[in-house]
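Have a look at upload.cif; it's mmCIF, C-alpha atoms:
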data_coords
#
loop_
_atom_site.label_atom_id
_atom_site.label_comp_id
_atom_site.auth_asym_id
_atom_site.auth_seq_id
_atom_site.Cartn_x
_atom_site.Cartn_y
_atom_site.Cartn_z
CA MET A 36 60.50 12.00 60.79
CA SER A 37 63.84 12.32 62.47
CA ASP A 38 64.31 13.31 66.08
CA ALA A 39 65.73 16.62 64.88
CA GLY A 40 62.58 17.29 62.83
CA ARG A 41 60.27 16.44 65.69
CA SER A 42 62.27 18.67 68.02
CA ALA A 43 62.07 21.56 65.55
CA ASN A 44 58.28 21.15 65.22
CA THR A 45 57.87 21.02 68.99
CA THR A 46 59.92 24.17 69.39
CA HIS A 47 57.88 25.87 66.67
CA ASP A 48 54.57 24.86 68.31
CA ARG A 49 55.72 26.16 71.66
CA ALA A 50 56.77 29.47 70.13
CA PHE A 51 53.42 29.71 68.34
CA ARG A 52 51.48 29.02 71.55
CA ARG A 53 53.55 31.58 73.44
CA ALA A 54 52.98 34.18 70.74
CA ARG A 55 49.24 33.43 70.69
CA LEU A 56 49.05 33.63 74.48
CA ALA A 57 50.87 36.96 74.39
CA LEU A 58 48.44 38.21 71.74
CA VAL A 59 45.43 37.11 73.80
CA LEU A 60 46.82 38.76 76.92
CA ALA A 61 47.62 41.97 75.07
CA ALA A 62 44.20 42.10 73.45
CA SER A 63 42.48 41.39 76.77
CA LEU A 64 44.49 44.00 78.64
CA GLY A 65 43.90 46.55 75.88
CA ALA A 66 40.15 45.86 75.90
CA LEU A 67 40.11 46.01 79.70
CA ALA A 68 41.92 49.36 79.70
CA TRP A 69 39.62 50.76 77.00
CA GLY A 70 36.46 49.60 78.75
CA ALA A 71 37.67 50.77 82.16
CA TRP A 72 38.57 54.19 80.77
CA LEU A 73 35.17 54.62 79.14
CA GLY A 74 33.44 53.30 82.25
CA GLN A 75 35.29 55.68 84.55
CA LEU A 76 34.33 58.65 82.37
CA HIS A 77 30.71 57.48 82.25
CA ILE A 78 30.46 56.98 86.02
CA ALA A 79 31.90 60.45 86.55
CA GLY A 80 29.42 61.96 84.08
CA ARG A 81 32.14 63.19 81.73
CA ALA A 82 32.07 63.17 77.94
CA THR A 83 33.28 60.06 76.13
CA PRO A 84 34.15 59.38 72.46
CA LEU A 85 30.98 57.28 72.18
CA ASP A 86 28.52 59.94 73.36
CA ARG A 87 27.16 60.72 69.91
CA LEU A 88 26.60 57.04 69.21
CA GLU A 89 24.89 56.64 72.57
CA SER A 90 22.68 59.65 71.82
CA ALA A 91 21.54 58.05 68.56
CA LEU A 92 20.89 54.72 70.31
CA THR A 93 18.91 56.46 73.05
CA ASP A 94 16.67 58.12 70.48
CA LEU A 95 16.24 54.77 68.73
CA ARG A 96 15.14 53.17 72.01
CA LEU A 97 12.67 55.99 72.56
CA ARG A 98 11.15 55.53 69.12
CA LEU A 99 10.97 51.76 69.58
CA ALA A 100 9.22 52.20 72.92
CA GLY A 101 6.86 54.71 71.32
CA PRO A 102 4.89 57.66 72.74
CA ARG A 103 3.29 57.45 76.19
CA THR A 104 0.25 58.99 77.80
CA PRO A 105 1.08 62.05 79.95
CA PRO A 106 -0.76 62.90 83.18
CA ALA A 107 -4.32 64.06 82.59
CA ASP A 108 -4.05 66.94 85.09
CA LEU A 109 -1.22 68.67 83.24
CA THR A 110 -1.99 71.27 80.57
CA VAL A 111 0.10 73.63 78.46
CA VAL A 112 -1.53 76.97 77.70
CA ALA A 113 0.24 77.92 74.50
CA ILE A 114 1.08 81.39 73.31
CA ASP A 115 0.84 80.02 69.81
CA ASP A 116 0.61 81.43 66.30
CA ALA A 117 -3.09 82.18 66.76
CA THR A 118 -2.34 84.16 69.92
CA VAL A 119 0.41 86.12 68.17
CA ARG A 120 -1.89 86.92 65.25
CA ARG A 121 -4.59 88.00 67.69
CA GLU A 122 -2.07 90.23 69.46
CA GLY A 123 -0.73 91.65 66.21
CA GLY A 124 2.87 90.64 66.86
CA PHE A 125 5.34 89.11 69.26
CA PRO A 126 5.98 89.34 72.15
CA VAL A 127 2.47 89.56 73.53
CA SER A 128 1.89 92.51 75.80
CA ARG A 129 1.98 92.20 79.56
CA THR A 130 -1.62 93.33 79.62
CA THR A 131 -2.51 90.29 77.54
CA MET A 132 -0.35 88.07 79.77
CA ALA A 133 -2.30 89.37 82.76
CA ARG A 134 -5.58 88.49 81.04
CA ILE A 135 -4.31 84.99 80.21
CA ILE A 136 -3.26 84.37 83.81
CA GLU A 137 -6.56 85.73 85.14
CA ARG A 138 -8.48 83.50 82.74
CA VAL A 139 -6.50 80.43 83.82
CA ALA A 140 -6.84 81.38 87.49
CA GLU A 141 -10.63 81.33 87.17
CA ALA A 142 -10.41 77.53 86.97
CA ARG A 143 -8.53 77.42 90.29
CA PRO A 144 -5.61 75.20 89.22
CA ARG A 145 -3.19 73.99 91.84
CA VAL A 146 -0.35 76.03 90.33
CA ILE A 147 0.28 78.21 87.28
CA ALA A 148 3.80 77.97 85.88
CA VAL A 149 4.73 80.87 83.60
CA ASP A 150 7.61 79.98 81.27
CA VAL A 151 8.09 83.54 80.10
CA LEU A 152 11.00 85.75 81.13
CA PHE A 153 10.08 89.15 82.59
CA LEU A 154 13.58 90.39 83.30
CA ASP A 155 12.97 94.13 83.00
CA ALA A 156 10.24 96.54 83.89
CA GLY A 157 7.86 97.11 80.98
CA ARG A 158 7.40 100.39 79.17
CA GLN A 159 3.86 100.68 80.49
CA PRO A 160 3.70 100.70 84.31
CA ASP A 161 -0.04 100.03 84.21
CA ALA A 162 0.60 96.78 82.32
CA ASP A 163 3.16 95.69 84.91
CA ASN A 164 0.70 96.53 87.67
CA ALA A 165 -2.02 94.48 85.98
CA LEU A 166 0.30 91.51 85.56
CA ALA A 167 1.51 91.73 89.17
CA ALA A 168 -2.10 91.86 90.37
CA ALA A 169 -3.03 88.82 88.28
CA LEU A 170 -0.10 86.84 89.68
CA ALA A 171 -1.00 87.82 93.23
CA LYS A 172 -4.47 86.26 92.87
CA THR A 173 -3.15 82.73 92.28
CA THR A 174 -0.33 80.31 93.10
CA ALA A 175 2.26 80.98 90.43
CA ILE A 176 5.88 80.40 89.52
CA LEU A 177 7.82 82.64 87.14
CA ALA A 178 10.83 81.75 85.00
CA SER A 179 14.41 82.77 85.65
CA ALA A 180 17.41 81.99 83.43
CA ALA A 181 20.98 81.07 84.34
CA VAL A 182 24.18 81.63 82.36
CA PHE A 183 26.80 78.85 82.49
CA ASP A 184 30.41 78.47 81.42
CA GLY A 185 30.60 74.69 81.86
CA ASN A 186 31.85 74.63 85.44
CA VAL A 187 30.34 72.33 88.05
CA SER A 188 30.79 72.08 91.80
CA GLU A 189 32.44 69.13 93.55
CA ASP A 190 29.07 67.39 93.83
CA GLY A 191 28.32 67.84 90.12
CA ILE A 192 25.86 70.74 90.45
CA PRO A 193 26.16 73.23 87.55
CA VAL A 194 27.59 76.59 88.57
CA ALA A 195 25.97 79.67 87.06
CA THR A 196 28.03 82.73 86.30
CA ALA A 197 24.85 84.82 86.36
CA LEU A 198 21.19 84.32 87.22
CA HIS A 199 18.57 86.55 85.63
CA ARG A 200 15.48 86.73 87.81
CA PRO A 201 12.12 88.42 87.09
CA THR A 202 11.97 92.14 87.59
CA PRO A 203 11.20 92.99 91.24
CA LYS A 204 8.02 94.71 90.07
CA LEU A 205 6.64 91.26 89.21
CA GLY A 206 8.78 88.81 91.11
CA GLU A 207 9.00 90.42 94.53
CA ASP A 208 6.12 88.36 95.90
CA VAL A 209 6.22 85.49 93.37
CA ALA A 210 8.75 82.66 93.42
CA SER A 211 10.80 81.86 90.35
CA GLY A 212 12.77 78.88 89.11
CA VAL A 213 15.57 78.22 86.64
CA VAL A 214 14.31 77.03 83.24
CA ASN A 215 17.64 75.93 81.71
CA VAL A 216 17.82 72.53 80.02
CA ALA A 217 20.92 70.29 79.86
CA GLU A 218 21.77 69.02 76.36
CA ASP A 219 24.07 66.17 75.35
CA ALA A 220 26.93 66.25 72.84
CA SER A 221 24.42 66.11 69.97
CA GLY A 222 22.42 69.06 71.27
CA VAL A 223 19.50 66.90 72.38
CA PRO A 224 17.94 67.75 75.77
CA ARG A 225 18.47 64.84 78.15
CA HIS A 226 18.25 66.34 81.65
CA LEU A 227 16.85 69.17 83.70
CA PRO A 228 19.12 70.40 86.51
CA LEU A 229 16.99 70.61 89.65
CA VAL A 230 19.38 72.94 91.46
CA VAL A 231 21.98 75.46 90.31
CA ARG A 232 24.78 77.06 92.32
CA THR A 233 25.00 80.83 92.09
CA SER A 234 26.99 83.53 93.82
CA ASP A 235 24.05 83.89 96.23
CA GLY A 236 23.74 80.18 97.06
CA VAL A 237 21.62 77.44 95.49
CA ALA A 238 18.72 78.25 93.17
CA ALA A 239 15.93 75.74 92.56
CA SER A 240 14.72 74.83 89.09
CA PHE A 241 11.40 75.85 87.62
CA VAL A 242 10.14 72.26 87.45
CA LEU A 243 11.12 71.49 91.04
CA ARG A 244 9.30 74.53 92.38
CA VAL A 245 6.19 73.80 90.32
CA ALA A 246 6.03 70.14 91.35
CA ALA A 247 6.52 71.03 95.01
CA LEU A 248 3.76 73.64 94.92
CA ALA A 249 1.42 71.24 93.13
CA ALA A 250 2.07 68.59 95.79
CA ARG A 251 1.86 71.19 98.55
CA SER A 252 5.05 69.74 99.96
CA ASP A 253 8.61 71.01 100.27
CA PRO A 254 11.08 68.95 98.21
CA VAL A 255 13.79 67.03 100.04
CA LEU A 256 17.01 66.52 98.08
CA SER A 257 19.51 63.90 99.14
CA LYS A 258 22.33 62.19 97.29
CA GLY A 259 20.95 60.71 94.10
CA ARG A 260 17.27 61.32 94.85
CA VAL A 261 14.51 63.83 95.43
CA GLU A 262 11.40 63.34 97.55
CA ILE A 263 8.22 65.34 96.96
CA GLY A 264 5.01 64.64 98.82
CA GLY A 265 6.23 61.26 100.02
CA ARG A 266 7.26 60.15 96.50
CA ALA A 267 10.99 59.49 96.05
CA LEU A 268 12.59 59.67 92.61
CA PRO A 269 16.14 58.65 91.67
CA LEU A 270 18.26 61.35 90.03
CA ASP A 271 21.32 61.41 87.86
CA LEU A 272 24.60 63.01 88.88
CA GLY A 273 24.48 66.57 90.16
CA TYR A 274 20.75 66.36 90.94
CA HIS A 275 19.80 66.16 87.26
CA LEU A 276 16.38 64.83 86.30
CA PRO A 277 16.48 62.55 83.20
CA LEU A 278 13.99 63.59 80.51
CA ARG A 279 11.78 61.26 78.51
CA PRO A 280 9.42 63.12 76.14
CA TYR A 281 5.91 61.70 75.94
CA GLY A 282 5.80 62.13 72.19
CA ALA A 283 5.80 64.87 69.56
CA ARG A 284 4.49 68.40 70.04
CA ARG A 285 1.15 68.64 71.82
CA ALA A 286 1.48 65.15 73.27
CA ILE A 287 0.78 66.94 76.54
CA ALA A 288 -2.72 68.44 76.51
CA THR A 289 -2.41 71.90 74.95
CA VAL A 290 -4.87 74.79 74.90
CA SER A 291 -4.38 77.95 72.85
CA ALA A 292 -4.20 81.09 74.96
CA SER A 293 -6.17 82.79 72.18
CA ALA A 294 -8.97 80.25 72.55
CA LEU A 295 -9.05 80.83 76.30
CA LEU A 296 -9.31 84.58 75.84
CA ASP A 297 -12.03 84.19 73.20
CA GLY A 298 -13.99 81.79 75.39
CA THR A 299 -13.92 79.03 72.76
CA ALA A 300 -11.89 76.82 75.10
CA PRO A 301 -13.42 76.30 78.55
CA ALA A 302 -11.16 77.28 81.43
CA ALA A 303 -12.96 74.80 83.66
CA ALA A 304 -10.90 71.98 82.12
CA LEU A 305 -7.87 73.40 83.95
CA SER A 306 -9.45 72.97 87.38
CA ASP A 307 -7.25 71.50 90.12
CA GLY A 308 -4.45 70.78 87.66
CA ILE A 309 -1.01 72.04 86.79
CA VAL A 310 -0.97 74.68 84.07
CA VAL A 311 2.21 75.67 82.25
CA ILE A 312 2.02 78.85 80.18
CA GLY A 313 4.65 79.24 77.49
CA VAL A 314 5.47 80.18 73.92
CA THR A 315 4.97 77.71 71.08
CA ALA A 316 4.58 80.24 68.25
CA LEU A 317 6.92 79.68 65.33
CA GLY A 318 10.13 81.61 65.96
CA GLY A 319 8.79 82.96 69.23
CA GLY A 320 10.44 80.66 71.74
CA ASP A 321 13.18 78.12 72.26
CA THR A 322 12.86 74.74 70.55
CA PHE A 323 14.81 71.50 70.89
CA ALA A 324 15.29 68.38 68.80
CA THR A 325 13.97 65.21 70.44
CA ALA A 326 13.46 61.63 69.32
CA PHE A 327 9.85 62.42 68.41
CA ASP A 328 10.03 65.98 67.13
CA PRO A 329 12.84 68.13 65.65
CA VAL A 330 11.31 71.38 66.96
CA MET A 331 9.87 70.59 70.37
CA PRO A 332 8.92 73.80 72.24
CA GLY A 333 10.88 74.32 75.42
CA VAL A 334 7.70 74.79 77.45
CA GLU A 335 6.68 71.22 76.64
CA LEU A 336 10.01 69.88 77.87
CA LEU A 337 9.53 71.75 81.13
CA ALA A 338 6.01 70.34 81.39
CA THR A 339 7.52 66.89 80.82
CA GLY A 340 9.92 67.38 83.72
CA ILE A 341 7.08 68.56 85.96
CA ALA A 342 5.12 65.44 85.05
CA HIS A 343 8.08 63.20 85.91
CA LEU A 344 8.39 64.79 89.35
CA ALA A 345 4.64 64.69 89.97
CA THR A 346 4.06 61.08 88.90
CA GLY A 347 7.44 59.36 89.03
CA ASP A 348 7.04 58.07 85.45
CA GLY A 349 10.40 59.23 84.19
CA LEU A 350 13.54 57.29 83.42
CA VAL A 351 15.80 55.80 86.04
CA ARG A 352 19.33 56.92 85.38
CA ASP A 353 21.28 57.13 88.59
CA ALA A 354 24.72 56.14 89.86
CA GLY A 355 23.69 52.48 89.99
CA VAL A 356 22.67 52.44 86.33
CA ARG A 357 25.91 54.18 85.37
CA ARG A 358 27.92 51.52 87.24
CA ARG A 359 26.04 48.76 85.42
CA ASP A 360 26.71 50.53 82.12
CA ALA A 361 30.41 50.68 82.95
CA ALA A 362 30.55 47.01 83.95
CA ALA A 363 28.80 46.02 80.71
CA ALA A 364 31.28 48.09 78.70
CA VAL A 365 34.23 46.27 80.31
CA LEU A 366 32.71 42.80 79.97
CA LEU A 367 31.72 43.30 76.34
CA ALA A 368 35.11 44.73 75.40
CA VAL A 369 37.12 41.96 77.10
CA GLY A 370 34.74 39.25 75.92
CA ALA A 371 34.96 40.48 72.33
CA ALA A 372 38.77 40.54 72.46
CA LEU A 373 38.92 36.99 73.85
CA ALA A 374 36.38 35.65 71.35
CA ILE A 375 38.23 37.09 68.36
CA ALA A 376 41.64 36.00 69.67
CA LEU A 377 40.76 32.45 70.76
CA LEU A 378 38.13 31.39 68.23
CA PRO A 379 38.35 31.10 64.46
CA PRO A 380 37.54 34.42 62.79
CA GLY A 381 34.02 33.48 61.62
CA PRO A 382 32.63 32.01 64.87
CA GLY A 383 34.42 34.66 66.95
CA LEU A 384 32.89 37.52 65.01
CA ILE A 385 29.43 35.92 65.13
CA LEU A 386 29.70 35.46 68.90
CA VAL A 387 30.70 39.10 69.37
CA LEU A 388 27.79 40.29 67.22
CA LEU A 389 25.34 38.05 69.10
CA ALA A 390 26.57 39.31 72.48
CA THR A 391 26.32 42.94 71.35
CA ALA A 392 22.85 42.40 69.88
CA GLY A 393 21.75 40.66 73.08
CA TRP A 394 22.90 43.58 75.22
CA LEU A 395 21.23 46.13 72.97
CA THR A 396 18.00 44.10 72.94
CA ALA A 397 18.00 43.77 76.72
CA GLY A 398 18.58 47.51 77.06
CA ALA A 399 15.77 48.34 74.63
CA ALA A 400 13.36 46.04 76.48
CA ALA A 401 14.22 47.55 79.85
CA PHE A 402 13.97 51.02 78.34
CA ALA A 403 10.52 50.27 76.92
CA LEU A 404 9.39 49.24 80.40
CA SER A 405 10.74 52.53 81.82
CA LEU A 406 13.10 50.60 84.04
CA ILE A 407 16.40 52.13 83.06
CA HIS A 408 18.09 54.54 80.70
CA ILE A 409 21.14 52.84 79.27
#
In structure tokens, how does this file's structure come out?
Amino acid sequence: MSDAGRSANTTHDRAFRRARLALVLAASLGALAWGAWLGQLHIAGRATPLDRLESALTDLRLRLAGPRTPPADLTVVAIDDATVRREGGFPVSRTTMARIIERVAEARPRVIAVDVLFLDAGRQPDADNALAAALAKTTAILASAAVFDGNVSEDGIPVATALHRPTPKLGEDVASGVVNVAEDASGVPRHLPLVVRTSDGVAASFVLRVAALAARSDPVLSKGRVEIGGRALPLDLGYHLPLRPYGARRAIATVSASALLDGTAPAAALSDGIVVIGVTALGGGDTFATAFDPVMPGVELLATGIAHLATGDGLVRDAGVRRRDAAAAVLLAVGAALAIALLPPGPGLILVLLATAGWLTAGAAAFALSLIHI
């Protein structure tokens, strides 16, 4: 080959290497920018384009990990289909609610949590009086409901435009807590806000009040954690408690309110425990889709949150986990770009798939051990 030919080849090789280097740099910078953008949104708790995919992966991890055993001292007293048939319709009367609470109170539980909204005075004053008297005989928490428009405070706490508390006839001497659930982009409940900002200040959640009463200890909230009875739990942004259902409906011990009233279910089984009264009747209460059940009653999700606060067996999803998520997103994105740009197409793609599978496997294993929520 002539000197001119060798010079042309050398020039061509140099141009090719420069073009390849520019391509690698561009791909790396693009992947870095993409990963950093997603990571910044994730750390801040804002929605990302991958939220629906992450929701599906979270449910997959839950199903792979399988159901778990809930605390033995937690029971749901269900206003179920049998109770509605016994009552002759829905909602059940306040006289019947008073009888249910009195029947539960006979077992002397640590706390009775009533996930039923009593926002207005009833049409029968005697029924309200009976219910108020039943509540006064025990340690109880009533439900209140907040209305949101999507706004949050500077520290991430949801801001309520309105808070509907129990009617003063019932709630004057009985504490109440907010029962709202936080759903993700797919409509799946993932968190319970432990505090809510209102025009009157900060309102505590239903689950936080119940857990504190059961532990006979005031909760202490600090950045990224809550402490109840000497037990500290990490929290997600804005004092949100991550939810991990124990399984499908009735995974938490459930007793029919009708069976309690009929005496076919012994009230003694509720002794010294936490009792959550709520609606599970078909069409009678709120339901949510979870990894284990497409129509999970809301009362069971609240009971799940109470269990997490009482035992500390929930998921760990705090600022530290979010930072690790963000770092993994950047590393995987940049690593994938470099592998595809520098290696032949076949080996590069295989390496990217192996790295992604390894990360997903590590996350699933940690998830199954209740270490993190990725």
Residues in the PyMOL selection byres ((chain A and resi 91-103) around 12), expressed as an NGL selection string = :A and (85-90 or 104-107 or 219-225 or 278-287 or 324-329 or 339 or 348-350 or 395-409)
Those same residues - C-alpha atoms - I'd like them written as a short mmCIF file (atom, residue, chain, number, x, y, z; two decimals), in the frame of the given file.
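What follows is the written file again_13.cif:
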data_model
loop_
_atom_site.label_atom_id
_atom_site.label_comp_id
_atom_site.auth_asym_id
_atom_site.auth_seq_id
_atom_site.Cartn_x
_atom_site.Cartn_y
_atom_site.Cartn_z
CA LEU A 85 30.98 57.28 72.18
CA ASP A 86 28.52 59.94 73.36
CA ARG A 87 27.16 60.72 69.91
CA LEU A 88 26.60 57.04 69.21
CA GLU A 89 24.89 56.64 72.57
CA SER A 90 22.68 59.65 71.82
CA THR A 104 0.25 58.99 77.80
CA PRO A 105 1.08 62.05 79.95
CA PRO A 106 -0.76 62.90 83.18
CA ALA A 107 -4.32 64.06 82.59
CA ASP A 219 24.07 66.17 75.35
CA ALA A 220 26.93 66.25 72.84
CA SER A 221 24.42 66.11 69.97
CA GLY A 222 22.42 69.06 71.27
CA VAL A 223 19.50 66.90 72.38
CA PRO A 224 17.94 67.75 75.77
CA ARG A 225 18.47 64.84 78.15
CA LEU A 278 13.99 63.59 80.51
CA ARG A 279 11.78 61.26 78.51
CA PRO A 280 9.42 63.12 76.14
CA TYR A 281 5.91 61.70 75.94
CA GLY A 282 5.80 62.13 72.19
CA ALA A 283 5.80 64.87 69.56
CA ARG A 284 4.49 68.40 70.04
CA ARG A 285 1.15 68.64 71.82
CA ALA A 286 1.48 65.15 73.27
CA ILE A 287 0.78 66.94 76.54
CA ALA A 324 15.29 68.38 68.80
CA THR A 325 13.97 65.21 70.44
CA ALA A 326 13.46 61.63 69.32
CA PHE A 327 9.85 62.42 68.41
CA ASP A 328 10.03 65.98 67.13
CA PRO A 329 12.84 68.13 65.65
CA THR A 339 7.52 66.89 80.82
CA ASP A 348 7.04 58.07 85.45
CA GLY A 349 10.40 59.23 84.19
CA LEU A 350 13.54 57.29 83.42
CA LEU A 395 21.23 46.13 72.97
CA THR A 396 18.00 44.10 72.94
CA ALA A 397 18.00 43.77 76.72
CA GLY A 398 18.58 47.51 77.06
CA ALA A 399 15.77 48.34 74.63
CA ALA A 400 13.36 46.04 76.48
CA ALA A 401 14.22 47.55 79.85
CA PHE A 402 13.97 51.02 78.34
CA ALA A 403 10.52 50.27 76.92
CA LEU A 404 9.39 49.24 80.40
CA SER A 405 10.74 52.53 81.82
CA LEU A 406 13.10 50.60 84.04
CA ILE A 407 16.40 52.13 83.06
CA HIS A 408 18.09 54.54 80.70
CA ILE A 409 21.14 52.84 79.27
#
Selected residue of minimal separation from Val216 of chain A among A:Ala169, A:Ala113, A:Ala180, A:Ala71, counting all atoms listed in the file | A:Ala180
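Distances here use only C-alpha atoms; by that measure, the residue among A:Ala171, A:Gly185, A:Val127, A:Trp69 closest to Val209 of chain A is A:Ala171.
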With only C-alpha atoms counted, which protein, DNA or RNA residues have an atom no more than 8 Å from (0.6, 68.6, 86.6) in the file frame? Please answer as a PyMOL selection string.
-> chain A and resi 106-110+246+249+308-310+338+341-342+345
Report as a ChimeraX atom specification the residues that result from applying the PyMOL selection byres ((chain A and resi 192-207) around 7) to the structure here.
-> /A:152-156,167,179-184,186-188,190-191,208-210,230-233,273-274
